[in-house]
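Asker: Structure in structure tokens, see below.
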Amino acid sequence: MAFLARRLGAAVLLLGVLSLLSFVLLAAAPGKPENLLLGPRPSTPETRAAIRAQFHLDDPIHERYLSWLGGALHGDFGTSVYTREPVTSIITERLPVTAGLATYALILTIGVGIPLGLAAAMRRGGRLDQGITLTSLVALAVPPFALSILLLYGFAVTLGWFPVFGAGETAAERIAHLTLPAVALAAGEAAVVVRQMRAAALDLVGQDYLTFARARGLSLPRVWISYALRNTALPVLTVGGLLLAANLTGALFVERAFGLPGLGELLVTAVARKDIPVVQALVLLGGAVVVVVNLLIDLTYLAVDPRVRHGAVAS
Amino acid sequence: MTAVSGTPLFGGRVARLRRTRPGFLTVVSAAVLALMALAAIGGTWIAPYDPAAQDVALGASMPSWAHWAGTDDLGRDVLSRCLAGARSALLWPVIVTLCTCAMSTTLGLLAGYRRGWVDAIMMRVVDLLIALPGMLVLIVLVGVLGGGIGWAVLALAVLFTPGDIRVVRSLTMAQRELAYAEAARTLGLRPTRIMFRHLLPNIAPTVVAGALLSFVAGLVALSGLSFLGIGLPAGTPDWGLMIEENRTLLDLNPWASVIPAALVTIAATAATLLGDRLFERLSDAA
């Protein structure tokens, strides 16, 4: 339990730091806060005074932080400076695209990464292993936006297999529209999983309990799935948090490259327009997702590995 | 140099590096990086056109004899811009790498050698920085607060340092227990001297291999920022910026964005391969 308490404490601390960071954005951004919050509307002394009153800009900063944080905890991030819509409704409108993209990429990452990593480990040093290792190294290096452009040109423009821009309407269209972006997003992540999986599986080769399991006459799938896979789960899970962070930032680039109206595209536009309430909400949301997933990963540790439960492994 | 102690440079690792023949891919990667470095230095002179010269009447055009890689929507020569863009695309990541190395080596040595409260505090800060969704924070900070490429470079160095601190720290902790470090302490040398003159040379190879990977991360991050329109002013010849500015021309002249995208990809791949091989050699030799 001490393990979990420590992780929870760290998560709360991290969210605190992120909330402070996104709160001070408004104060630290160049230009007066009331002018930023006015956005494209005409700036007269009256409108500026109205904004100051509406956002309590004359209150002491810690009170403003607390009231802003209180609103944020209730899902109220104010209204967009540009569209005058509530930030929460803009985000919920955009969420499905990003969630779909991230899920698609995750399925590709796991579906491709784990088998390839295992295959490379089983054929250690062979042609297949060398090929997989080299490909994963290249995939790791390629930036998602460059890969997006190359995929767009190759598969959408030249070959015409996939649509070029947009997110699509029907479910089938969605999948077609999201395939190339998901590949661009998943390539680097799958590479991480392949490398981690290969290293973890190589550690296993020659372990006594595997030899013993086979000696007891257990079937090969049983040995691989309930013994080997379970023991490789821990190091692979460890990179899960890293993958997620990569996924979040990768989505920014990929959505922009493919013109997908998702949260990443929203953030980039909001940053460019200095639409502070939207930016604040997205930073907090991104941070919260990272924190929650990392906690979930810690819980999975506990479920998968009894050694962590009994405090035998420091992690 | 006469080796008094009989301990060759870097515990013999450099000698062993020289003895093993580099593989084909390593040579190709090094050659590619060298070519790109040449373009970064002299690209503006080799370029057939002025990278900023516009020919609005021509507009975006496919590759031709006059323009080998075609032109962008303002009629600027893509080949010349790619050559000229090598400088900003590669120079800034090098600066990021140098800053990262300087900070992570100093702080990592300090934490690993001194231990105690310095180490404890530093590790807490490192843990926090690693847990932050770094690029997200970076994009927002540099994008909203402005400040251009200089701040982006500095922020990236701060973002990359924690991971490297951990590596340097753990290496230092292993080295400080060895006989030569003990001997240096017995001689009564100052800790700074032991850290930088005795321990540093022994961890330097790993630092260099790590620097190559920092360079890749810096290259990808900075061209990514340019791609989002953050950092460099619009119109600067830069690979990331070219991808962003020309990605809508995929039907008129796809090469205007495909070539810079390929260049970023090739540079990142070559540096990764080189860094990876270096790490592998070092761990083989260790």
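The chains in the structure tokens are called A, B, ... from first to last as shown; in each chain the residues are counted from 1, and the ligands are counted from 1 in the order shown.
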Got a sec to pull out which chain B residues are within 6 Å of chain A, counting only C-alpha atoms, and send them as a list in words?
Answerer: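 The complete set of qualifying residues is Pro133, Gly143, Val144, Leu145, Val220, Ala261, Thr265, Ala268 and Thr269 of chain B.
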Asker: Keeping only N, CA and C atoms, write those residues as an mmCIF file, in the first residue's frame.
Answerer:
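selection-v8.cif, written as the output of this step:
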data_model
loop_
_atom_site.group_PDB
_atom_site.id
_atom_site.type_symbol
_atom_site.label_atom_id
_atom_site.label_comp_id
_atom_site.auth_asym_id
_atom_site.auth_seq_id
_atom_site.Cartn_x
_atom_site.Cartn_y
_atom_site.Cartn_z
ATOM 1 N N PRO B 133 4.362 15.889 -19.101
ATOM 2 C CA PRO B 133 4.288 15.701 -20.557
ATOM 3 C C PRO B 133 5.063 16.833 -21.217
ATOM 4 N N GLY B 143 4.900 28.605 -27.453
ATOM 5 C CA GLY B 143 3.882 29.120 -28.358
ATOM 6 C C GLY B 143 3.153 30.321 -27.801
ATOM 7 N N VAL B 144 2.766 30.264 -26.530
ATOM 8 C CA VAL B 144 1.977 31.355 -25.965
ATOM 9 C C VAL B 144 2.870 32.507 -25.516
ATOM 10 N N LEU B 145 3.996 32.164 -24.845
ATOM 11 C CA LEU B 145 4.836 33.237 -24.323
ATOM 12 C C LEU B 145 5.705 33.852 -25.408
ATOM 13 N N VAL B 220 14.270 16.327 -34.056
ATOM 14 C CA VAL B 220 12.868 15.991 -34.229
ATOM 15 C C VAL B 220 11.985 17.037 -33.542
ATOM 16 N N ALA B 261 10.768 16.582 -45.623
ATOM 17 C CA ALA B 261 10.347 15.519 -44.698
ATOM 18 C C ALA B 261 11.317 14.353 -44.764
ATOM 19 N N THR B 265 13.871 12.932 -41.833
ATOM 20 C CA THR B 265 13.836 11.509 -41.535
ATOM 21 C C THR B 265 15.215 10.876 -41.673
ATOM 22 N N ALA B 268 17.636 12.092 -38.904
ATOM 23 C CA ALA B 268 17.318 11.489 -37.608
ATOM 24 C C ALA B 268 17.714 10.014 -37.604
ATOM 25 N N THR B 269 17.422 9.319 -38.700
ATOM 26 C CA THR B 269 17.750 7.895 -38.762
ATOM 27 C C THR B 269 19.250 7.672 -38.693
#
Asker: Can you list, as an mmCIF file with C-alpha atoms, in the first residue's frame, every protein, DNA or RNA residue that comes within 8 Å of B:Leu110 when you count only C-alpha atoms, leaving out same-chain residues fewer than 6 positions away?
Answerer:
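Output below, filename result39.cif:
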data_model
loop_
_atom_site.group_PDB
_atom_site.id
_atom_site.type_symbol
_atom_site.label_atom_id
_atom_site.label_comp_id
_atom_site.auth_asym_id
_atom_site.auth_seq_id
_atom_site.Cartn_x
_atom_site.Cartn_y
_atom_site.Cartn_z
ATOM 1 C CA VAL B 118 22.192 17.398 -3.201
ATOM 2 C CA ASP B 119 21.409 14.063 -4.793
ATOM 3 C CA ARG B 169 24.650 9.811 -12.072
ATOM 4 C CA MET B 195 34.903 14.584 -10.742
#
Asker: Residues near stretch 295-305 of chain A, anyone? I mean within 8 Å using only C-alpha atoms, not counting same-chain ones fewer than 4 positions away, as a list in words.
Answerer: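 These residues fall inside the cut-off: Leu4, Arg7, Leu8, Ala11, Arg230, Asn231, Ala233, Leu234, Leu237, Thr238, Gly240, Gly241, Val291 and Arg309 of chain A.
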Asker: Include N, CA, C and O atoms and write out the residues we just selected as a PDB file, in the first residue's frame.
Answerer:
ATOM      1  N   LEU A   4       1.420   2.324  -3.462  1.00  0.00           N
ATOM      2  CA  LEU A   4       0.318   3.039  -4.090  1.00  0.00           C
ATOM      3  C   LEU A   4       0.192   4.458  -3.547  1.00  0.00           C
ATOM      4  O   LEU A   4      -0.036   5.411  -4.298  1.00  0.00           O
ATOM      5  N   ARG A   7       2.725   6.674  -5.118  1.00  0.00           N
ATOM      6  CA  ARG A   7       2.371   7.015  -6.490  1.00  0.00           C
ATOM      7  C   ARG A   7       1.234   8.037  -6.543  1.00  0.00           C
ATOM      8  O   ARG A   7       1.243   8.955  -7.353  1.00  0.00           O
ATOM      9  N   LEU A   8       0.258   7.857  -5.656  1.00  0.00           N
ATOM     10  CA  LEU A   8      -0.865   8.799  -5.602  1.00  0.00           C
ATOM     11  C   LEU A   8      -0.360  10.192  -5.251  1.00  0.00           C
ATOM     12  O   LEU A   8      -0.753  11.185  -5.864  1.00  0.00           O
ATOM     13  N   ALA A  11       1.256  11.748  -8.152  1.00  0.00           N
ATOM     14  CA  ALA A  11       0.272  12.133  -9.166  1.00  0.00           C
ATOM     15  C   ALA A  11      -0.373  13.467  -8.803  1.00  0.00           C
ATOM     16  O   ALA A  11      -0.510  14.355  -9.652  1.00  0.00           O
ATOM     17  N   ARG A 230       3.873 -13.157 -19.154  1.00  0.00           N
ATOM     18  CA  ARG A 230       3.578 -12.511 -17.893  1.00  0.00           C
ATOM     19  C   ARG A 230       4.828 -11.871 -17.292  1.00  0.00           C
ATOM     20  O   ARG A 230       4.782 -10.806 -16.700  1.00  0.00           O
ATOM     21  N   ASN A 231       5.951 -12.520 -17.477  1.00  0.00           N
ATOM     22  CA  ASN A 231       7.182 -11.963 -16.926  1.00  0.00           C
ATOM     23  C   ASN A 231       7.753 -10.849 -17.774  1.00  0.00           C
ATOM     24  O   ASN A 231       8.548 -10.048 -17.290  1.00  0.00           O
ATOM     25  N   ALA A 233       5.765  -8.705 -19.069  1.00  0.00           N
ATOM     26  CA  ALA A 233       4.774  -7.631 -18.985  1.00  0.00           C
ATOM     27  C   ALA A 233       5.302  -6.428 -18.216  1.00  0.00           C
ATOM     28  O   ALA A 233       5.039  -5.289 -18.578  1.00  0.00           O
ATOM     29  N   LEU A 234       6.067  -6.687 -17.170  1.00  0.00           N
ATOM     30  CA  LEU A 234       6.493  -5.589 -16.308  1.00  0.00           C
ATOM     31  C   LEU A 234       7.358  -4.562 -17.042  1.00  0.00           C
ATOM     32  O   LEU A 234       7.017  -3.390 -17.065  1.00  0.00           O
ATOM     33  N   LEU A 237       5.225  -2.787 -19.618  1.00  0.00           N
ATOM     34  CA  LEU A 237       4.290  -1.833 -19.011  1.00  0.00           C
ATOM     35  C   LEU A 237       4.996  -0.549 -18.602  1.00  0.00           C
ATOM     36  O   LEU A 237       4.430   0.537 -18.680  1.00  0.00           O
ATOM     37  N   THR A 238       6.258  -0.704 -18.170  1.00  0.00           N
ATOM     38  CA  THR A 238       7.001   0.463 -17.704  1.00  0.00           C
ATOM     39  C   THR A 238       7.070   1.531 -18.779  1.00  0.00           C
ATOM     40  O   THR A 238       7.027   2.717 -18.469  1.00  0.00           O
ATOM     41  N   GLY A 240       4.831   2.033 -20.922  1.00  0.00           N
ATOM     42  CA  GLY A 240       3.479   2.459 -21.265  1.00  0.00           C
ATOM     43  C   GLY A 240       3.250   3.944 -21.043  1.00  0.00           C
ATOM     44  O   GLY A 240       2.661   4.632 -21.867  1.00  0.00           O
ATOM     45  N   GLY A 241       3.746   4.442 -19.904  1.00  0.00           N
ATOM     46  CA  GLY A 241       3.575   5.857 -19.585  1.00  0.00           C
ATOM     47  C   GLY A 241       4.279   6.743 -20.604  1.00  0.00           C
ATOM     48  O   GLY A 241       3.737   7.741 -21.075  1.00  0.00           O
ATOM     49  N   VAL A 291      -1.436  11.356 -15.930  1.00  0.00           N
ATOM     50  CA  VAL A 291      -1.382  10.950 -14.530  1.00  0.00           C
ATOM     51  C   VAL A 291      -2.272   9.729 -14.280  1.00  0.00           C
ATOM     52  O   VAL A 291      -1.861   8.749 -13.654  1.00  0.00           O
ATOM     53  N   ARG A 309       3.357  -6.614  -5.261  1.00  0.00           N
ATOM     54  CA  ARG A 309       2.349  -6.606  -4.184  1.00  0.00           C
ATOM     55  C   ARG A 309       3.006  -6.800  -2.836  1.00  0.00           C
ATOM     56  O   ARG A 309       2.640  -6.202  -1.861  1.00  0.00           O
TER      57      ARG A 309
END
Asker: Using Å and a single decimal, report how far atom CA of B:Ala111 sits from atom CA of B:Arg185.
Answerer: 17.1 Å
Asker: As an exercise, work out the distance from atom CA of B:Leu38 to atom CA of B:Ala86 in Å and give it to one decimal place.
Answerer: 9.0 Å
Asker: Here is a test: counting only C-alpha atoms, which residue of B:Leu132, B:Ala102, B:Leu273, B:Leu219 is nearest to A:Ser136?
Answerer: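 Counting only C-alpha atoms, the residue closest to A:Ser136 is B:Leu273.
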Asker: Excluding B:Val142 and any residue of its chain fewer than 4 positions from it, enumerate the residues within 8 Å of it, using only C-alpha atoms, and give them as a list of chain:residue names.
Answerer: B:Leu138, B:Gly146, B:Gly147, B:Gly148, B:Trp151, B:Ala152, B:Ile230, B:Gly231
Asker: Would you mind exporting the chosen residues as a short mmCIF file (atom, residue, chain, number, x, y, z; two decimals), in the first residue's frame, restricted to C-alpha atoms?
Answerer:
data_model
loop_
_atom_site.label_atom_id
_atom_site.label_comp_id
_atom_site.auth_asym_id
_atom_site.auth_seq_id
_atom_site.Cartn_x
_atom_site.Cartn_y
_atom_site.Cartn_z
CA LEU B 138 7.04 23.15 -24.24
CA GLY B 146 6.66 33.73 -27.62
CA GLY B 147 10.37 34.39 -27.45
CA GLY B 148 11.37 32.55 -30.60
CA TRP B 151 13.86 30.07 -25.78
CA ALA B 152 12.76 26.94 -27.58
CA ILE B 230 6.44 27.86 -33.32
CA GLY B 231 9.95 29.20 -32.88
#
Asker: For atom CA of A:Pro40 and atom CA of A:Thr83, determine how far apart the two atoms are, in Å to one decimal place.
Answerer: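 Atom-to-atom, atom CA of A:Pro40 to atom CA of A:Thr83, that is 9.8 Å.
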Asker: For stretch 191-196 of chain A, work out the shell of residues within 8 Å, counting only C-alpha atoms and skipping chain neighbours fewer than 4 positions away, then give it as a PyMOL selection string.
Answerer: chain A and resi 109-110+113-114+116-118+133+135-137+139-140+187+200+235-236+239+243
Asker: Got time to write the residues from that selection, N, CA and C atoms, as a PDB file, in the first residue's frame?
Answerer:
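The resulting file, out_3.pdb, is shown below:
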ATOM      1  N   THR A 109      -0.111  -0.476 -32.181  1.00  0.00           N
ATOM      2  CA  THR A 109       1.136  -0.579 -31.434  1.00  0.00           C
ATOM      3  C   THR A 109       1.258  -1.942 -30.771  1.00  0.00           C
ATOM      4  N   ILE A 110       0.190  -2.338 -30.058  1.00  0.00           N
ATOM      5  CA  ILE A 110       0.242  -3.598 -29.320  1.00  0.00           C
ATOM      6  C   ILE A 110       0.192  -4.779 -30.280  1.00  0.00           C
ATOM      7  N   GLY A 113       3.607  -4.559 -32.216  1.00  0.00           N
ATOM      8  CA  GLY A 113       4.825  -4.497 -31.406  1.00  0.00           C
ATOM      9  C   GLY A 113       5.126  -5.770 -30.649  1.00  0.00           C
ATOM     10  N   ILE A 114       4.129  -6.340 -29.963  1.00  0.00           N
ATOM     11  CA  ILE A 114       4.405  -7.495 -29.102  1.00  0.00           C
ATOM     12  C   ILE A 114       4.781  -8.737 -29.908  1.00  0.00           C
ATOM     13  N   LEU A 116       6.049  -8.916 -32.940  1.00  0.00           N
ATOM     14  CA  LEU A 116       7.330  -8.708 -33.606  1.00  0.00           C
ATOM     15  C   LEU A 116       8.477  -8.789 -32.615  1.00  0.00           C
ATOM     16  N   GLY A 117       8.293  -8.204 -31.420  1.00  0.00           N
ATOM     17  CA  GLY A 117       9.341  -8.249 -30.410  1.00  0.00           C
ATOM     18  C   GLY A 117       9.631  -9.676 -29.990  1.00  0.00           C
ATOM     19  N   LEU A 118       8.560 -10.453 -29.779  1.00  0.00           N
ATOM     20  CA  LEU A 118       8.727 -11.855 -29.394  1.00  0.00           C
ATOM     21  C   LEU A 118       9.413 -12.641 -30.503  1.00  0.00           C
ATOM     22  N   THR A 133      14.973  -5.475 -35.780  1.00  0.00           N
ATOM     23  CA  THR A 133      15.692  -4.523 -34.934  1.00  0.00           C
ATOM     24  C   THR A 133      16.009  -3.250 -35.712  1.00  0.00           C
ATOM     25  N   THR A 135      14.501  -2.093 -38.475  1.00  0.00           N
ATOM     26  CA  THR A 135      13.275  -1.367 -38.806  1.00  0.00           C
ATOM     27  C   THR A 135      12.769  -0.597 -37.587  1.00  0.00           C
ATOM     28  N   SER A 136      12.839  -1.223 -36.410  1.00  0.00           N
ATOM     29  CA  SER A 136      12.330  -0.538 -35.224  1.00  0.00           C
ATOM     30  C   SER A 136      13.200   0.668 -34.896  1.00  0.00           C
ATOM     31  N   LEU A 137      14.492   0.551 -35.162  1.00  0.00           N
ATOM     32  CA  LEU A 137      15.391   1.676 -34.897  1.00  0.00           C
ATOM     33  C   LEU A 137      15.041   2.855 -35.806  1.00  0.00           C
ATOM     34  N   ALA A 139      12.099   3.337 -37.291  1.00  0.00           N
ATOM     35  CA  ALA A 139      10.770   3.825 -36.921  1.00  0.00           C
ATOM     36  C   ALA A 139      10.847   4.708 -35.689  1.00  0.00           C
ATOM     37  N   LEU A 140      11.797   4.394 -34.816  1.00  0.00           N
ATOM     38  CA  LEU A 140      11.964   5.166 -33.586  1.00  0.00           C
ATOM     39  C   LEU A 140      12.457   6.572 -33.900  1.00  0.00           C
ATOM     40  N   ALA A 187       3.889   4.149 -35.423  1.00  0.00           N
ATOM     41  CA  ALA A 187       5.179   3.610 -35.861  1.00  0.00           C
ATOM     42  C   ALA A 187       6.236   3.705 -34.765  1.00  0.00           C
ATOM     43  N   ALA A 200      13.121  -7.879 -23.059  1.00  0.00           N
ATOM     44  CA  ALA A 200      12.524  -8.591 -21.935  1.00  0.00           C
ATOM     45  C   ALA A 200      12.484 -10.086 -22.200  1.00  0.00           C
ATOM     46  N   PRO A 235       8.466  -5.006 -17.666  1.00  0.00           N
ATOM     47  CA  PRO A 235       9.264  -4.001 -18.389  1.00  0.00           C
ATOM     48  C   PRO A 235       8.511  -3.349 -19.536  1.00  0.00           C
ATOM     49  N   VAL A 236       7.598  -4.084 -20.160  1.00  0.00           N
ATOM     50  CA  VAL A 236       6.858  -3.476 -21.277  1.00  0.00           C
ATOM     51  C   VAL A 236       5.863  -2.447 -20.746  1.00  0.00           C
ATOM     52  N   VAL A 239       7.178   1.126 -20.035  1.00  0.00           N
ATOM     53  CA  VAL A 239       7.262   2.131 -21.091  1.00  0.00           C
ATOM     54  C   VAL A 239       5.876   2.644 -21.483  1.00  0.00           C
ATOM     55  N   LEU A 243       4.957   5.930 -23.642  1.00  0.00           N
ATOM     56  CA  LEU A 243       4.226   5.815 -24.895  1.00  0.00           C
ATOM     57  C   LEU A 243       3.067   6.784 -24.931  1.00  0.00           C
TER      58      LEU A 243
END
Asker: Nearest residue to B:Gly224 out of A:Phe3, A:Ala281, A:Ala53, A:Ala251, using only C-alpha atoms?
Answerer: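 Checking each candidate against B:Gly224, we get A:Ala251 as the closest.
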Asker: To test your reading of the structure, identify every residue in stretch 69-274 of chain B that backbone DSSP assigns to alpha helix (DSSP H), and report it as a VMD selection string.
Answerer: chain B and resid 78 to 114 116 to 131 134 to 145 148 to 175 179 to 186 191 to 193 200 to 227 239 to 246 255 to 274
Asker: For the residues in the current selection, export C-alpha atoms as a short mmCIF file (atom, residue, chain, number, x, y, z; two decimals), in the first residue's frame.
Answerer:
data_model
loop_
_atom_site.label_atom_id
_atom_site.label_comp_id
_atom_site.auth_asym_id
_atom_site.auth_seq_id
_atom_site.Cartn_x
_atom_site.Cartn_y
_atom_site.Cartn_z
CA VAL B 78 13.00 24.12 -53.34
CA LEU B 79 16.49 22.67 -53.80
CA SER B 80 18.14 25.92 -52.73
CA ARG B 81 15.86 26.20 -49.71
CA CYS B 82 16.61 22.62 -48.69
CA LEU B 83 20.36 23.30 -48.92
CA ALA B 84 20.09 26.57 -47.05
CA GLY B 85 17.65 25.04 -44.57
CA ALA B 86 20.21 22.48 -43.43
CA ARG B 87 21.88 25.17 -41.35
CA SER B 88 18.94 26.05 -39.14
CA ALA B 89 17.64 22.47 -39.11
CA LEU B 90 20.95 21.06 -37.85
CA LEU B 91 22.65 23.93 -36.02
CA TRP B 92 19.95 24.49 -33.38
CA PRO B 93 19.79 20.81 -32.40
CA VAL B 94 23.59 20.86 -32.00
CA ILE B 95 23.22 23.76 -29.59
CA VAL B 96 20.48 21.88 -27.71
CA THR B 97 22.82 18.89 -27.49
CA LEU B 98 25.74 20.95 -26.19
CA CYS B 99 23.57 22.62 -23.53
CA THR B 100 22.05 19.27 -22.51
CA CYS B 101 25.46 17.62 -22.26
CA ALA B 102 26.96 20.46 -20.23
CA MET B 103 24.07 20.53 -17.76
CA SER B 104 23.51 16.80 -17.43
CA THR B 105 27.21 15.98 -17.05
CA THR B 106 27.83 18.63 -14.41
CA LEU B 107 24.68 17.90 -12.42
CA GLY B 108 24.92 14.13 -12.86
CA LEU B 109 28.55 14.07 -11.67
CA LEU B 110 27.61 16.25 -8.73
CA ALA B 111 24.64 14.11 -7.72
CA GLY B 112 26.45 10.82 -8.22
CA TYR B 113 29.67 11.85 -6.50
CA ARG B 114 28.38 13.96 -3.63
CA GLY B 116 23.44 13.17 0.28
CA TRP B 117 20.93 15.99 0.12
CA VAL B 118 22.19 17.40 -3.20
CA ASP B 119 21.41 14.06 -4.79
CA ALA B 120 18.08 13.67 -2.99
CA ILE B 121 16.76 17.07 -4.07
CA MET B 122 18.05 16.73 -7.59
CA MET B 123 16.48 13.33 -8.06
CA ARG B 124 13.07 14.59 -6.89
CA VAL B 125 13.23 17.43 -9.42
CA VAL B 126 14.38 15.02 -12.13
CA ASP B 127 11.50 12.65 -11.36
CA LEU B 128 9.03 15.51 -11.63
CA LEU B 129 10.46 16.82 -14.90
CA ILE B 130 10.44 13.35 -16.43
CA ALA B 131 6.83 12.82 -15.40
CA GLY B 134 7.31 17.67 -21.72
CA MET B 135 6.59 18.47 -25.35
CA LEU B 136 3.06 19.53 -24.50
CA VAL B 137 4.31 21.99 -21.89
CA LEU B 138 7.04 23.15 -24.24
CA ILE B 139 4.69 23.82 -27.14
CA VAL B 140 2.34 25.75 -24.91
CA LEU B 141 5.05 27.76 -23.16
CA VAL B 142 7.02 28.71 -26.26
CA GLY B 143 3.88 29.12 -28.36
CA VAL B 144 1.98 31.35 -25.96
CA LEU B 145 4.84 33.24 -24.32
CA GLY B 148 11.37 32.55 -30.60
CA ILE B 149 13.96 29.91 -31.29
CA GLY B 150 16.37 30.87 -28.49
CA TRP B 151 13.86 30.07 -25.78
CA ALA B 152 12.76 26.94 -27.58
CA VAL B 153 16.36 25.70 -27.63
CA LEU B 154 16.85 26.46 -23.95
CA ALA B 155 13.54 24.87 -22.95
CA LEU B 156 14.38 21.73 -24.93
CA ALA B 157 17.77 21.47 -23.22
CA VAL B 158 16.03 21.69 -19.83
CA LEU B 159 13.54 19.07 -20.99
CA PHE B 160 16.23 16.62 -22.16
CA THR B 161 18.62 17.08 -19.23
CA PRO B 162 16.82 14.99 -16.53
CA GLY B 163 17.04 11.72 -18.44
CA ASP B 164 20.75 12.21 -19.08
CA ILE B 165 21.36 13.24 -15.46
CA ARG B 166 20.09 9.83 -14.39
CA VAL B 167 22.50 8.06 -16.73
CA VAL B 168 25.54 10.13 -15.76
CA ARG B 169 24.65 9.81 -12.07
CA SER B 170 24.44 6.04 -12.12
CA LEU B 171 27.73 5.78 -14.05
CA THR B 172 29.39 8.15 -11.58
CA MET B 173 28.13 6.14 -8.64
CA ALA B 174 29.76 3.03 -10.09
CA GLN B 175 33.04 4.81 -10.91
CA ALA B 179 40.31 1.94 -6.90
CA TYR B 180 41.51 4.92 -8.96
CA ALA B 181 38.86 7.21 -7.48
CA GLU B 182 39.67 5.96 -4.02
CA ALA B 183 43.36 6.64 -4.70
CA ALA B 184 42.55 10.18 -5.85
CA ARG B 185 40.62 10.76 -2.65
CA THR B 186 43.47 9.37 -0.58
CA PRO B 191 36.24 16.77 -5.30
CA THR B 192 35.80 18.98 -8.40
CA ARG B 193 39.16 17.79 -9.68
CA LEU B 200 34.59 12.34 -16.40
CA PRO B 201 37.08 10.75 -18.86
CA ASN B 202 35.83 7.35 -17.78
CA ILE B 203 32.20 8.10 -18.44
CA ALA B 204 32.83 10.28 -21.52
CA PRO B 205 32.17 7.59 -24.17
CA THR B 206 28.67 7.01 -22.88
CA VAL B 207 28.09 10.76 -22.70
CA VAL B 208 29.10 11.08 -26.36
CA ALA B 209 26.80 8.24 -27.42
CA GLY B 210 24.01 9.85 -25.40
CA ALA B 211 24.74 13.19 -27.08
CA LEU B 212 23.97 11.67 -30.48
CA LEU B 213 20.57 10.60 -29.22
CA SER B 214 19.98 14.07 -27.72
CA PHE B 215 20.79 15.47 -31.13
CA VAL B 216 18.14 13.28 -32.73
CA ALA B 217 15.58 14.27 -30.11
CA GLY B 218 16.49 17.93 -30.60
CA LEU B 219 16.26 17.66 -34.38
CA VAL B 220 12.87 15.99 -34.23
CA ALA B 221 11.53 18.37 -31.58
CA LEU B 222 12.76 21.57 -33.23
CA SER B 223 11.64 20.70 -36.72
CA GLY B 224 8.38 19.60 -35.08
CA LEU B 225 8.02 23.02 -33.45
CA SER B 226 8.72 24.68 -36.80
CA PHE B 227 6.10 22.39 -38.31
CA TRP B 239 13.20 21.82 -43.13
CA GLY B 240 10.43 21.74 -40.52
CA LEU B 241 9.04 25.06 -41.67
CA MET B 242 9.18 23.97 -45.32
CA ILE B 243 7.08 20.91 -44.54
CA GLU B 244 4.52 23.11 -42.84
CA GLU B 245 4.44 25.82 -45.49
CA ASN B 246 4.30 23.44 -48.45
CA TRP B 255 8.49 17.53 -53.56
CA ALA B 256 8.38 20.89 -51.81
CA SER B 257 7.27 19.15 -48.60
CA VAL B 258 8.29 15.54 -49.30
CA ILE B 259 12.00 16.35 -49.74
CA PRO B 260 12.38 18.25 -46.45
CA ALA B 261 10.35 15.52 -44.70
CA ALA B 262 12.69 12.91 -46.14
CA LEU B 263 15.73 14.97 -45.14
CA VAL B 264 14.57 15.24 -41.51
CA THR B 265 13.84 11.51 -41.54
CA ILE B 266 17.22 10.60 -43.02
CA ALA B 267 19.15 12.86 -40.66
CA ALA B 268 17.32 11.49 -37.61
CA THR B 269 17.75 7.90 -38.76
CA ALA B 270 21.46 8.29 -39.51
CA ALA B 271 22.20 9.87 -36.13
CA THR B 272 20.13 7.23 -34.33
CA LEU B 273 21.93 4.38 -36.09
CA LEU B 274 25.28 5.92 -35.27
#
Asker: From the list B:Met62, B:Leu25, B:Leu74, B:Leu228, which residue is nearest B:Leu252 when using only C-alpha atoms?
Answerer: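 Answer, going by the shortest atom-to-atom distance: B:Met62.
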